[in-house]
>>> print(open('query_24.pdb').read())   # PDB, C-alpha atoms
MODEL        1
ATOM      1  CA  MET A   1      78.253 185.678 163.463  1.00  0.00           C
ATOM      2  CA  PHE A   2      74.509 185.629 163.202  1.00  0.00           C
ATOM      3  CA  GLY A   3      74.632 182.956 165.872  1.00  0.00           C
ATOM      4  CA  VAL A   4      71.427 181.170 166.634  1.00  0.00           C
ATOM      5  CA  THR A   5      69.453 183.370 164.309  1.00  0.00           C
ATOM      6  CA  MET A   6      70.862 181.807 161.187  1.00  0.00           C
ATOM      7  CA  HIS A   7      71.108 178.148 160.380  1.00  0.00           C
ATOM      8  CA  ALA A   8      72.421 176.354 157.372  1.00  0.00           C
ATOM      9  CA  THR A   9      69.854 173.854 156.183  1.00  0.00           C
ATOM     10  CA  ASP A  10      70.312 170.698 154.245  1.00  0.00           C
ATOM     11  CA  ASP A  11      67.801 171.444 151.535  1.00  0.00           C
ATOM     12  CA  ALA A  12      70.310 172.648 148.999  1.00  0.00           C
ATOM     13  CA  THR A  13      69.996 170.953 145.671  1.00  0.00           C
ATOM     14  CA  PRO A  14      72.551 170.495 142.944  1.00  0.00           C
ATOM     15  CA  GLN A  15      70.351 172.696 140.777  1.00  0.00           C
ATOM     16  CA  GLY A  16      70.191 175.669 143.103  1.00  0.00           C
ATOM     17  CA  PRO A  17      71.877 177.657 145.821  1.00  0.00           C
ATOM     18  CA  ARG A  18      71.816 176.490 149.405  1.00  0.00           C
ATOM     19  CA  HIS A  19      69.258 177.908 151.789  1.00  0.00           C
ATOM     20  CA  GLU A  20      69.714 179.271 155.279  1.00  0.00           C
ATOM     21  CA  ARG A  21      67.043 180.265 157.749  1.00  0.00           C
ATOM     22  CA  ILE A  22      67.221 183.667 159.371  1.00  0.00           C
ATOM     23  CA  GLU A  23      64.994 184.606 162.282  1.00  0.00           C
ATOM     24  CA  LEU A  24      63.315 187.958 161.990  1.00  0.00           C
ATOM     25  CA  ARG A  25      63.350 190.166 165.049  1.00  0.00           C
ATOM     26  CA  ARG A  26      60.619 192.658 165.748  1.00  0.00           C
ATOM     27  CA  PRO A  27      62.140 196.140 165.890  1.00  0.00           C
ATOM     28  CA  ALA A  28      61.725 198.308 168.974  1.00  0.00           C
ATOM     29  CA  HIS A  29      59.431 200.641 167.071  1.00  0.00           C
ATOM     30  CA  VAL A  30      56.861 199.685 164.469  1.00  0.00           C
ATOM     31  CA  GLU A  31      54.827 202.445 162.892  1.00  0.00           C
ATOM     32  CA  HIS A  32      51.611 200.467 162.488  1.00  0.00           C
ATOM     33  CA  PRO A  33      51.882 197.423 164.760  1.00  0.00           C
ATOM     34  CA  GLU A  34      48.264 196.545 164.085  1.00  0.00           C
ATOM     35  CA  THR A  35      49.122 195.752 160.469  1.00  0.00           C
ATOM     36  CA  VAL A  36      52.119 193.518 161.184  1.00  0.00           C
ATOM     37  CA  ASP A  37      51.570 190.094 159.698  1.00  0.00           C
ATOM     38  CA  LEU A  38      54.897 188.304 159.543  1.00  0.00           C
ATOM     39  CA  ALA A  39      53.404 185.180 158.072  1.00  0.00           C
ATOM     40  CA  ALA A  40      52.063 187.257 155.187  1.00  0.00           C
ATOM     41  CA  ALA A  41      55.404 189.011 154.813  1.00  0.00           C
ATOM     42  CA  ILE A  42      57.221 185.705 154.586  1.00  0.00           C
ATOM     43  CA  GLU A  43      54.668 184.462 152.092  1.00  0.00           C
ATOM     44  CA  ILE A  44      55.261 187.519 149.903  1.00  0.00           C
ATOM     45  CA  LEU A  45      58.988 186.993 150.188  1.00  0.00           C
ATOM     46  CA  ASN A  46      58.626 183.457 148.954  1.00  0.00           C
ATOM     47  CA  SER A  47      56.134 184.312 146.250  1.00  0.00           C
ATOM     48  CA  SER A  48      57.087 183.570 142.704  1.00  0.00           C
ATOM     49  CA  GLU A  49      54.465 186.009 141.519  1.00  0.00           C
ATOM     50  CA  LEU A  50      55.673 188.007 138.585  1.00  0.00           C
ATOM     51  CA  GLY A  51      54.483 191.202 137.112  1.00  0.00           C
ATOM     52  CA  ASP A  52      53.327 193.614 139.733  1.00  0.00           C
ATOM     53  CA  GLU A  53      56.823 194.732 140.586  1.00  0.00           C
ATOM     54  CA  ILE A  54      57.025 195.813 136.989  1.00  0.00           C
ATOM     55  CA  TRP A  55      55.889 199.177 138.149  1.00  0.00           C
ATOM     56  CA  ALA A  56      55.920 201.103 134.919  1.00  0.00           C
ATOM     57  CA  ALA A  57      56.326 199.999 131.361  1.00  0.00           C
ATOM     58  CA  ASN A  58      59.067 202.479 130.656  1.00  0.00           C
ATOM     59  CA  ASN A  59      61.061 201.184 133.604  1.00  0.00           C
ATOM     60  CA  TYR A  60      60.666 197.553 132.788  1.00  0.00           C
ATOM     61  CA  ASP A  61      63.848 195.777 131.907  1.00  0.00           C
ATOM     62  CA  PRO A  62      63.419 192.012 131.819  1.00  0.00           C
ATOM     63  CA  ASP A  63      67.089 191.617 132.589  1.00  0.00           C
ATOM     64  CA  LEU A  64      66.469 193.180 135.971  1.00  0.00           C
ATOM     65  CA  GLU A  65      64.074 190.422 136.916  1.00  0.00           C
ATOM     66  CA  ALA A  66      66.599 188.485 138.923  1.00  0.00           C
TER      67      ALA A  66
ATOM     68  CA  MET B   1      84.006 184.950 155.318  1.00  0.00           C
ATOM     69  CA  SER B   2      81.929 182.069 156.586  1.00  0.00           C
ATOM     70  CA  ASP B   3      82.431 179.197 158.962  1.00  0.00           C
ATOM     71  CA  PRO B   4      81.825 175.556 157.968  1.00  0.00           C
ATOM     72  CA  GLN B   5      78.115 175.975 158.586  1.00  0.00           C
ATOM     73  CA  GLY B   6      77.946 178.829 156.121  1.00  0.00           C
ATOM     74  CA  GLN B   7      77.535 181.463 158.787  1.00  0.00           C
ATOM     75  CA  PRO B   8      79.175 184.851 158.401  1.00  0.00           C
ATOM     76  CA  SER B   9      82.146 185.318 160.673  1.00  0.00           C
ATOM     77  CA  GLY B  10      82.038 189.110 160.485  1.00  0.00           C
ATOM     78  CA  GLY B  11      82.330 191.707 157.781  1.00  0.00           C
ATOM     79  CA  ALA B  12      79.508 192.420 155.408  1.00  0.00           C
ATOM     80  CA  VAL B  13      76.503 190.750 153.853  1.00  0.00           C
ATOM     81  CA  ILE B  14      75.237 191.963 150.473  1.00  0.00           C
ATOM     82  CA  VAL B  15      71.449 191.615 150.245  1.00  0.00           C
ATOM     83  CA  ASP B  16      68.822 192.086 147.544  1.00  0.00           C
ATOM     84  CA  ASP B  17      65.939 194.551 147.487  1.00  0.00           C
ATOM     85  CA  ARG B  18      63.513 192.540 149.591  1.00  0.00           C
ATOM     86  CA  LEU B  19      66.017 191.717 152.310  1.00  0.00           C
ATOM     87  CA  ALA B  20      67.158 195.342 152.157  1.00  0.00           C
ATOM     88  CA  LEU B  21      63.603 196.413 152.961  1.00  0.00           C
ATOM     89  CA  PHE B  22      63.511 194.060 155.960  1.00  0.00           C
ATOM     90  CA  ALA B  23      66.878 195.450 157.071  1.00  0.00           C
ATOM     91  CA  ALA B  24      65.950 199.101 156.564  1.00  0.00           C
ATOM     92  CA  LEU B  25      62.790 198.638 158.633  1.00  0.00           C
ATOM     93  CA  GLY B  26      64.773 196.975 161.408  1.00  0.00           C
ATOM     94  CA  TRP B  27      63.537 193.393 161.044  1.00  0.00           C
ATOM     95  CA  LEU B  28      66.833 191.666 160.244  1.00  0.00           C
ATOM     96  CA  PRO B  29      68.930 190.627 163.225  1.00  0.00           C
ATOM     97  CA  ARG B  30      71.928 192.793 163.843  1.00  0.00           C
ATOM     98  CA  GLU B  31      75.152 191.242 164.964  1.00  0.00           C
ATOM     99  CA  PRO B  32      78.236 193.112 166.162  1.00  0.00           C
ATOM    100  CA  GLY B  33      80.729 193.583 163.402  1.00  0.00           C
ATOM    101  CA  VAL B  34      78.388 192.470 160.632  1.00  0.00           C
ATOM    102  CA  GLU B  35      77.237 195.134 158.211  1.00  0.00           C
ATOM    103  CA  ILE B  36      74.129 194.659 156.074  1.00  0.00           C
ATOM    104  CA  VAL B  37      74.780 196.207 152.670  1.00  0.00           C
ATOM    105  CA  THR B  38      72.837 196.521 149.466  1.00  0.00           C
ATOM    106  CA  THR B  39      73.885 198.023 146.172  1.00  0.00           C
ATOM    107  CA  TYR B  40      72.716 201.192 144.498  1.00  0.00           C
ATOM    108  CA  ALA B  41      71.000 199.133 141.775  1.00  0.00           C
ATOM    109  CA  TRP B  42      69.048 197.077 144.334  1.00  0.00           C
ATOM    110  CA  GLN B  43      68.210 200.257 146.223  1.00  0.00           C
ATOM    111  CA  GLN B  44      66.885 201.844 143.042  1.00  0.00           C
ATOM    112  CA  ARG B  45      64.766 198.781 142.352  1.00  0.00           C
ATOM    113  CA  LEU B  46      63.365 198.996 145.873  1.00  0.00           C
ATOM    114  CA  LEU B  47      62.662 202.710 145.720  1.00  0.00           C
ATOM    115  CA  GLY B  48      61.117 202.452 142.267  1.00  0.00           C
ATOM    116  CA  ALA B  49      58.390 200.248 143.651  1.00  0.00           C
ATOM    117  CA  PHE B  50      57.318 203.037 146.008  1.00  0.00           C
ATOM    118  CA  VAL B  51      57.565 206.065 143.736  1.00  0.00           C
ATOM    119  CA  ALA B  52      56.142 204.745 140.480  1.00  0.00           C
ATOM    120  CA  PRO B  53      52.637 205.754 139.523  1.00  0.00           C
ATOM    121  CA  ARG B  54      50.584 202.613 139.725  1.00  0.00           C
ATOM    122  CA  ALA B  55      46.998 201.576 140.053  1.00  0.00           C
ATOM    123  CA  THR B  56      47.601 198.509 142.160  1.00  0.00           C
ATOM    124  CA  GLU B  57      49.704 197.666 145.166  1.00  0.00           C
ATOM    125  CA  GLY B  58      52.949 195.870 144.350  1.00  0.00           C
ATOM    126  CA  GLN B  59      54.781 193.151 146.233  1.00  0.00           C
ATOM    127  CA  LEU B  60      57.207 195.487 147.949  1.00  0.00           C
ATOM    128  CA  GLN B  61      54.387 197.787 149.010  1.00  0.00           C
ATOM    129  CA  ARG B  62      52.484 194.833 150.418  1.00  0.00           C
ATOM    130  CA  LEU B  63      55.648 193.651 152.100  1.00  0.00           C
ATOM    131  CA  ALA B  64      56.103 197.028 153.804  1.00  0.00           C
ATOM    132  CA  ALA B  65      52.474 197.031 154.926  1.00  0.00           C
ATOM    133  CA  THR B  66      52.763 193.589 156.469  1.00  0.00           C
ATOM    134  CA  LEU B  67      55.809 194.840 158.374  1.00  0.00           C
ATOM    135  CA  GLY B  68      53.752 197.695 159.810  1.00  0.00           C
ATOM    136  CA  ALA B  69      55.237 200.436 157.638  1.00  0.00           C
ATOM    137  CA  SER B  70      53.496 202.948 155.425  1.00  0.00           C
ATOM    138  CA  ALA B  71      54.779 203.444 151.892  1.00  0.00           C
ATOM    139  CA  ALA B  72      56.223 206.810 152.941  1.00  0.00           C
ATOM    140  CA  THR B  73      58.091 205.236 155.834  1.00  0.00           C
ATOM    141  CA  ALA B  74      59.408 202.431 153.662  1.00  0.00           C
ATOM    142  CA  LEU B  75      60.536 204.934 151.039  1.00  0.00           C
ATOM    143  CA  GLU B  76      62.394 207.007 153.598  1.00  0.00           C
ATOM    144  CA  ALA B  77      63.901 203.934 155.244  1.00  0.00           C
ATOM    145  CA  GLY B  78      65.106 202.619 151.896  1.00  0.00           C
ATOM    146  CA  GLY B  79      66.155 205.991 150.527  1.00  0.00           C
ATOM    147  CA  HIS B  80      68.016 207.201 153.587  1.00  0.00           C
ATOM    148  CA  PRO B  81      68.689 204.066 155.582  1.00  0.00           C
ATOM    149  CA  ASP B  82      69.990 204.184 159.124  1.00  0.00           C
ATOM    150  CA  PRO B  83      73.609 203.028 158.668  1.00  0.00           C
ATOM    151  CA  ALA B  84      73.217 200.832 161.711  1.00  0.00           C
ATOM    152  CA  LEU B  85      70.561 198.905 159.804  1.00  0.00           C
ATOM    153  CA  LEU B  86      71.594 199.087 156.167  1.00  0.00           C
ATOM    154  CA  THR B  87      74.262 200.729 154.068  1.00  0.00           C
ATOM    155  CA  ILE B  88      74.450 201.297 150.321  1.00  0.00           C
ATOM    156  CA  ALA B  89      77.618 200.258 148.515  1.00  0.00           C
ATOM    157  CA  ASP B  90      78.851 203.228 146.494  1.00  0.00           C
ATOM    158  CA  PRO B  91      79.113 202.060 142.868  1.00  0.00           C
ATOM    159  CA  ARG B  92      81.675 204.783 142.149  1.00  0.00           C
ATOM    160  CA  ALA B  93      84.169 202.864 144.275  1.00  0.00           C
ATOM    161  CA  THR B  94      83.995 199.899 141.935  1.00  0.00           C
ATOM    162  CA  ALA B  95      83.059 201.693 138.705  1.00  0.00           C
ATOM    163  CA  ILE B  96      85.772 200.075 136.583  1.00  0.00           C
ATOM    164  CA  ASP B  97      84.973 196.566 137.771  1.00  0.00           C
ATOM    165  CA  ILE B  98      81.271 197.202 137.165  1.00  0.00           C
ATOM    166  CA  ALA B  99      81.988 198.455 133.655  1.00  0.00           C
ATOM    167  CA  ARG B 100      84.078 195.384 132.873  1.00  0.00           C
ATOM    168  CA  MET B 101      81.253 193.091 133.947  1.00  0.00           C
ATOM    169  CA  ARG B 102      78.581 195.099 132.145  1.00  0.00           C
ATOM    170  CA  VAL B 103      80.333 194.809 128.781  1.00  0.00           C
ATOM    171  CA  THR B 104      80.550 191.062 129.189  1.00  0.00           C
ATOM    172  CA  GLY B 105      76.812 190.751 129.694  1.00  0.00           C
ATOM    173  CA  ALA B 106      76.112 191.265 133.393  1.00  0.00           C
ATOM    174  CA  ASN B 107      73.199 193.558 134.185  1.00  0.00           C
ATOM    175  CA  PRO B 108      73.592 196.368 136.749  1.00  0.00           C
ATOM    176  CA  LEU B 109      72.192 194.279 139.607  1.00  0.00           C
ATOM    177  CA  ALA B 110      74.646 191.475 138.970  1.00  0.00           C
ATOM    178  CA  ALA B 111      77.652 193.681 138.268  1.00  0.00           C
ATOM    179  CA  GLU B 112      77.186 195.880 141.324  1.00  0.00           C
ATOM    180  CA  THR B 113      76.493 192.908 143.595  1.00  0.00           C
ATOM    181  CA  ILE B 114      79.630 191.086 142.525  1.00  0.00           C
ATOM    182  CA  ALA B 115      81.822 194.191 142.591  1.00  0.00           C
ATOM    183  CA  ALA B 116      80.625 195.190 146.057  1.00  0.00           C
ATOM    184  CA  ALA B 117      81.015 191.675 147.434  1.00  0.00           C
ATOM    185  CA  LYS B 118      84.562 191.435 146.161  1.00  0.00           C
ATOM    186  CA  GLN B 119      85.493 194.901 147.371  1.00  0.00           C
ATOM    187  CA  LEU B 120      84.084 194.306 150.853  1.00  0.00           C
ATOM    188  CA  GLY B 121      84.989 190.633 151.111  1.00  0.00           C
ATOM    189  CA  ALA B 122      81.309 190.095 151.711  1.00  0.00           C
ATOM    190  CA  ILE B 123      79.010 187.145 151.481  1.00  0.00           C
ATOM    191  CA  VAL B 124      75.870 187.471 149.342  1.00  0.00           C
ATOM    192  CA  ARG B 125      72.377 186.577 150.534  1.00  0.00           C
ATOM    193  CA  PHE B 126      69.178 186.961 148.519  1.00  0.00           C
ATOM    194  CA  SER B 127      65.522 186.452 149.302  1.00  0.00           C
ATOM    195  CA  PRO B 128      63.761 183.345 147.987  1.00  0.00           C
ATOM    196  CA  ARG B 129      62.052 185.371 145.278  1.00  0.00           C
ATOM    197  CA  ASN B 130      65.434 186.165 143.741  1.00  0.00           C
ATOM    198  CA  SER B 131      66.872 182.664 144.025  1.00  0.00           C
ATOM    199  CA  THR B 132      67.161 182.031 140.314  1.00  0.00           C
ATOM    200  CA  GLY B 133      67.938 183.961 137.176  1.00  0.00           C
ATOM    201  CA  HIS B 134      70.493 186.233 135.638  1.00  0.00           C
ATOM    202  CA  VAL B 135      71.897 187.773 138.819  1.00  0.00           C
ATOM    203  CA  VAL B 136      72.232 184.479 140.666  1.00  0.00           C
ATOM    204  CA  ASP B 137      73.877 182.865 137.657  1.00  0.00           C
ATOM    205  CA  HIS B 138      76.512 185.596 137.604  1.00  0.00           C
ATOM    206  CA  VAL B 139      77.028 185.588 141.372  1.00  0.00           C
ATOM    207  CA  LEU B 140      77.544 181.825 141.389  1.00  0.00           C
ATOM    208  CA  ALA B 141      79.921 182.075 138.443  1.00  0.00           C
ATOM    209  CA  ALA B 142      81.920 184.663 140.379  1.00  0.00           C
ATOM    210  CA  ASP B 143      82.561 182.016 143.053  1.00  0.00           C
ATOM    211  CA  LEU B 144      81.174 184.134 145.869  1.00  0.00           C
ATOM    212  CA  ASP B 145      79.754 182.804 149.132  1.00  0.00           C
ATOM    213  CA  PHE B 146      76.094 182.822 148.166  1.00  0.00           C
ATOM    214  CA  ALA B 147      72.930 181.468 149.743  1.00  0.00           C
ATOM    215  CA  ILE B 148      69.244 182.197 150.011  1.00  0.00           C
ATOM    216  CA  TRP B 149      67.977 183.536 153.305  1.00  0.00           C
ATOM    217  CA  ASP B 150      64.627 182.078 154.215  1.00  0.00           C
ATOM    218  CA  PRO B 151      63.212 184.404 156.866  1.00  0.00           C
ATOM    219  CA  VAL B 152      61.316 182.729 159.669  1.00  0.00           C
ATOM    220  CA  GLU B 153      59.434 184.219 162.575  1.00  0.00           C
ATOM    221  CA  LYS B 154      61.453 184.187 165.776  1.00  0.00           C
ATOM    222  CA  SER B 155      59.992 181.490 167.982  1.00  0.00           C
TER     223      SER B 155
ENDMDL
END
>>> encode(input="query_24.pdb", output="structure tokens")
Amino acid sequence: MFGVTMHATDDATPQGPRHERIELRRPAHVEHPETVDLAAAIEILNSSELGDEIWAANNYDPDLEA
Amino acid sequence: MSDPQGQPSGGAVIVDDRLALFAALGWLPREPGVEIVTTYAWQQRLLGAFVAPRATEGQLQRLAATLGASAATALEAGGHPDPALLTIADPRATAIDIARMRVTGANPLAAETIAAAKQLGAIVRFSPRNSTGHVVDHVLAADLDFAIWDPVEKS
């Protein structure tokens, strides 16, 4: 149903879930278009960086780190 | 729910916090008849990143900024999403199923994701950052249609 925007890829491994690509579409309105950096957004999305989403010690539950 | 290529054939897609942010800000493609849904637990995780007192900028805040949204806009979009872009599965509708999973060891993210997917007959798609760990282990064990969405810039 996502048509050409989503593609199954063949990079699934026995150790992990399969991956699909999904093409992002720029919305009609962007509040600060001058700050849009999709490459950076995708990099953040792929980042394995840990820690700075642990926003407050009293909210930190290691089980919630999916 | 999906064709042989793993593509949704309609219905709903349950997404994690990062994909929910993309959806709420209007960056995920919208297809007729396909609803993008996240759970209350994922929504809370998303919102927490924007309301917590913090000295440094977190990943979700940086993500919003790179999508051209202020923190206030991202908070509003995630807190009161446009239903055409993103809906929140009501955990009260599946409270008993969630409770059953919680007592057997599933955390709220996992339990709500699985319960919502089963209730809606939905597929489950997470961002690469959430491709391993407790929630994925439980989703895979629940035999749901699950994959990682790797966002790419439309060419």
>>> atom_distance(input="query_24.pdb", atom1="CA of Ile22 in chain A", atom2="CA of Ala12 in chain B")
15.6 Å
>>> closest_residue(input="query_24.pdb", among="B:Thr113, B:Thr132, B:Gln44, B:Thr104", to="chain A", atoms="all atoms listed in the file")
B:Thr132
>>> closest_residue(input="query_24.pdb", among="B:Arg92, B:Arg62, B:His80, B:Arg102", to="chain A", atoms="all atoms listed in the file")
B:Arg62
>>> resolve_selection(input="query_24.pdb", expression="the ChimeraX specification (/A :<7) & /B", output="MDAnalysis selection string")
chainID B and resid 5:10 26:29 31 49 52 54 58:59 63 65:69 107 109 127:130 132:135 147:154
>>> atom_distance(input="query_24.pdb", atom1="CA of Val15 in chain B", atom2="CA of Thr39 in chain B")
8.0 Å
>>> resolve_selection(input="query_24.pdb", expression="the PyMOL selection byres ((chain B and resi 16-24) around 8)", output="PyMOL selection string")
(chain A and resi 45) or (chain B and resi 14-15+25-28+36-39+42-43+45-46+60+64+74+77-78+81-82+85-86+125-127+130)
>>> resolve_selection(input="query_24.pdb", expression="the PyMOL selection byres ((chain B and resi 98) around 12)", output="VMD selection string")
chain B and resid 39 to 41 90 to 97 99 to 119
>>> atom_distance(input="query_24.pdb", atom1="CA of Pro53 in chain B", atom2="CA of Ser131 in chain B")
27.5 Å
>>> axis_aligned_box(input="query_24.pdb", around="range 72-86 of chain B", padding_each_side="4 Å", output="lines of an AutoDock Vina configuration file")
center_x = 64.9
center_y = 203.1
center_z = 156.1
size_x = 25.4
size_y = 16.3
size_z = 19.2
